[in-house]
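Asker: Got a structure for you, questions after.
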Amino acid sequence: MEEWAWQFLRRNPDYHTDWQWFHATWTVLEAHYGQPPQRDFHRWQKDPRAYRQTVNEQGEAESLLIECWMGQKWGFYKFPIDPAVERPELGTELLWREVSLPPVIVEAVDADWLGTNPARLAYGFDLSQPLVPQFAQAQRFLRLLQRQRCKQGSVTLETPQQRQHEWRHYLRYLDAETASIPAEQITQILQLKEPALFRQQAHEMIHSGYRRILHLSNTTT
């Protein structure tokens, strides 16, 4: 799944822009302070160009080294990778950060989020009580309910095998767009029934969808 996520990220024009800025800045810093093992780390770390402002999970502003800023923004731990690299080596060149889905706090008026989708469920927690046993109980309950609904056929677990054909089509679409192939021709070649919706979904994959790929497992519950 790591490879699929990278294929979408490397097609993101915003990532290209960030990479070009990072690479240019890094080159200037190396020209001033050298490359390992002769690099002057002490002076490098005092140069404001080596840092970029961000906002942490607590909503506080902080400065990060630009390589760390790139990793935090785009979701990886290793040194930023040139988008021209088609297949970075996993674990050494590319190591994804653990991805957590944002929580959804469901209020009484949030029936629109639940809708009639059997894959969505609101579960209550009592914040005045210890959370750890509540988490354990919720996990047991949700796993059981998931198995039941999968057996009933009302819920289908996403697996890589189910999505790979769709991902290939998204990548073909994005590459065709980059190559300035007319939209009508793309629609005809890929046999798209709803081209506007497909375009929206393809572009969503390069902005945030690539991270959701990392949640998918090769096995189902």
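Letters A, B, ... mark the chains of the structure tokens in the order given; residue numbers begin at 1 per chain; ligand numbers begin at 1, in order shown.
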Excluding A:His23 and its own-chain neighbours fewer than 4 positions away, which residues fall within 12 Å of it when counting only C-alpha atoms? Please give them as a PyMOL selection string.
Answerer: chain A and resi 15-19+27-30+50+66-67+70+79-83
Asker: Once you count only C-alpha atoms, what closest atom pair and distance in Å to one decimal does each residue of stretch 127-180 of chain A within 10 Å of stretch 205-211 of chain A have, with rows by chain and rising residue number, as JSON lines?
Answerer:
{"residue": "A:Trp167", "atom": "CA", "partner": "A:Met205", "partner_atom": "CA", "distance": 8.7}
{"residue": "A:Tyr170", "atom": "CA", "partner": "A:Met205", "partner_atom": "CA", "distance": 8.1}
{"residue": "A:Leu171", "atom": "CA", "partner": "A:Met205", "partner_atom": "CA", "distance": 9.3}
{"residue": "A:Leu174", "atom": "CA", "partner": "A:Ile206", "partner_atom": "CA", "distance": 9.3}
Asker: Just how far from atom CA of A:Arg140 is atom CA of A:Leu127, in Å to one decimal?
Answerer: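 Distance reported for this atom pair: 19.1 Å.
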Asker: Can you list every residue in stretch 13-147 of chain A that DSSP puts in strand (DSSP E), as an NGL selection string?
Answerer: :A and (51-55 or 61-65)
Asker: Report the distance between atom CA of A:Asn117 and atom CA of A:Pro133 in Å, rounded to one decimal place.
Answerer: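 Going from atom CA of A:Asn117 over to atom CA of A:Pro133 covers 27.8 Å.
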Asker: Taking 5 positions as the minimum chain separation for residues in the same chain, which residues sit within 10 Å of stretch 151-154 of chain A when counting only C-alpha atoms? Answer as a list in words.
Answerer: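 My reading of the contact set: Asn117, Pro118, Ala119, Leu145 and Gln146 of chain A.
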Asker: Output N, CA and C atoms for every residue in that selection, as an mmCIF file, in the first residue's frame.
Answerer:
data_model
loop_
_atom_site.group_PDB
_atom_site.id
_atom_site.type_symbol
_atom_site.label_atom_id
_atom_site.label_comp_id
_atom_site.auth_asym_id
_atom_site.auth_seq_id
_atom_site.Cartn_x
_atom_site.Cartn_y
_atom_site.Cartn_z
ATOM 1 N N ASN A 117 -26.484 4.904 6.201
ATOM 2 C CA ASN A 117 -25.336 4.069 5.849
ATOM 3 C C ASN A 117 -25.028 3.113 7.004
ATOM 4 N N PRO A 118 -25.192 1.792 6.796
ATOM 5 C CA PRO A 118 -24.931 0.835 7.884
ATOM 6 C C PRO A 118 -23.462 0.742 8.268
ATOM 7 N N ALA A 119 -22.581 1.347 7.471
ATOM 8 C CA ALA A 119 -21.158 1.332 7.817
ATOM 9 C C ALA A 119 -20.808 2.422 8.820
ATOM 10 N N LEU A 145 -19.903 -6.200 15.853
ATOM 11 C CA LEU A 145 -20.916 -5.613 14.976
ATOM 12 C C LEU A 145 -20.434 -5.580 13.537
ATOM 13 N N GLN A 146 -19.140 -5.302 13.339
ATOM 14 C CA GLN A 146 -18.581 -5.287 11.988
ATOM 15 C C GLN A 146 -18.702 -6.662 11.337
#
Asker: Between atom CA of A:Glu98 and atom CA of A:His215, what is the distance, to one decimal in Å?
Answerer: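 We find that atom CA of A:Glu98 and atom CA of A:His215 lie 9.1 Å from each other.
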Asker: If you count only C-alpha atoms, which residues fall within 9 Å of stretch 54-56 of chain A, apart from same-chain ones fewer than 5 positions away, as a list in words?
Answerer: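 The residues satisfying every condition are Ala61, Glu62, Ser63, Leu64, Trp69 and Lys73 of chain A.
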Asker: Output N, CA and C atoms for every residue in the selection just made, as a CSV table (one decimal), in the first residue's frame.
Answerer:
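Output saved as selection-v4.csv:
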chain,number,residue,atom,x,y,z
A,61,ALA,N,2.0,27.5,17.5
A,61,ALA,CA,3.0,27.7,16.4
A,61,ALA,C,4.3,27.2,16.9
A,62,GLU,N,5.0,26.5,15.9
A,62,GLU,CA,6.4,26.0,16.2
A,62,GLU,C,7.2,26.0,15.0
A,63,SER,N,8.5,26.1,15.1
A,63,SER,CA,9.4,26.0,14.0
A,63,SER,C,10.0,24.6,13.8
A,64,LEU,N,10.0,24.1,12.6
A,64,LEU,CA,10.5,22.8,12.3
A,64,LEU,C,11.6,23.0,11.3
A,69,TRP,N,9.5,19.6,8.4
A,69,TRP,CA,8.3,20.2,8.0
A,69,TRP,C,7.7,19.5,6.8
A,73,LYS,N,4.0,17.6,7.0
A,73,LYS,CA,3.0,18.1,6.1
A,73,LYS,C,2.4,17.0,5.2
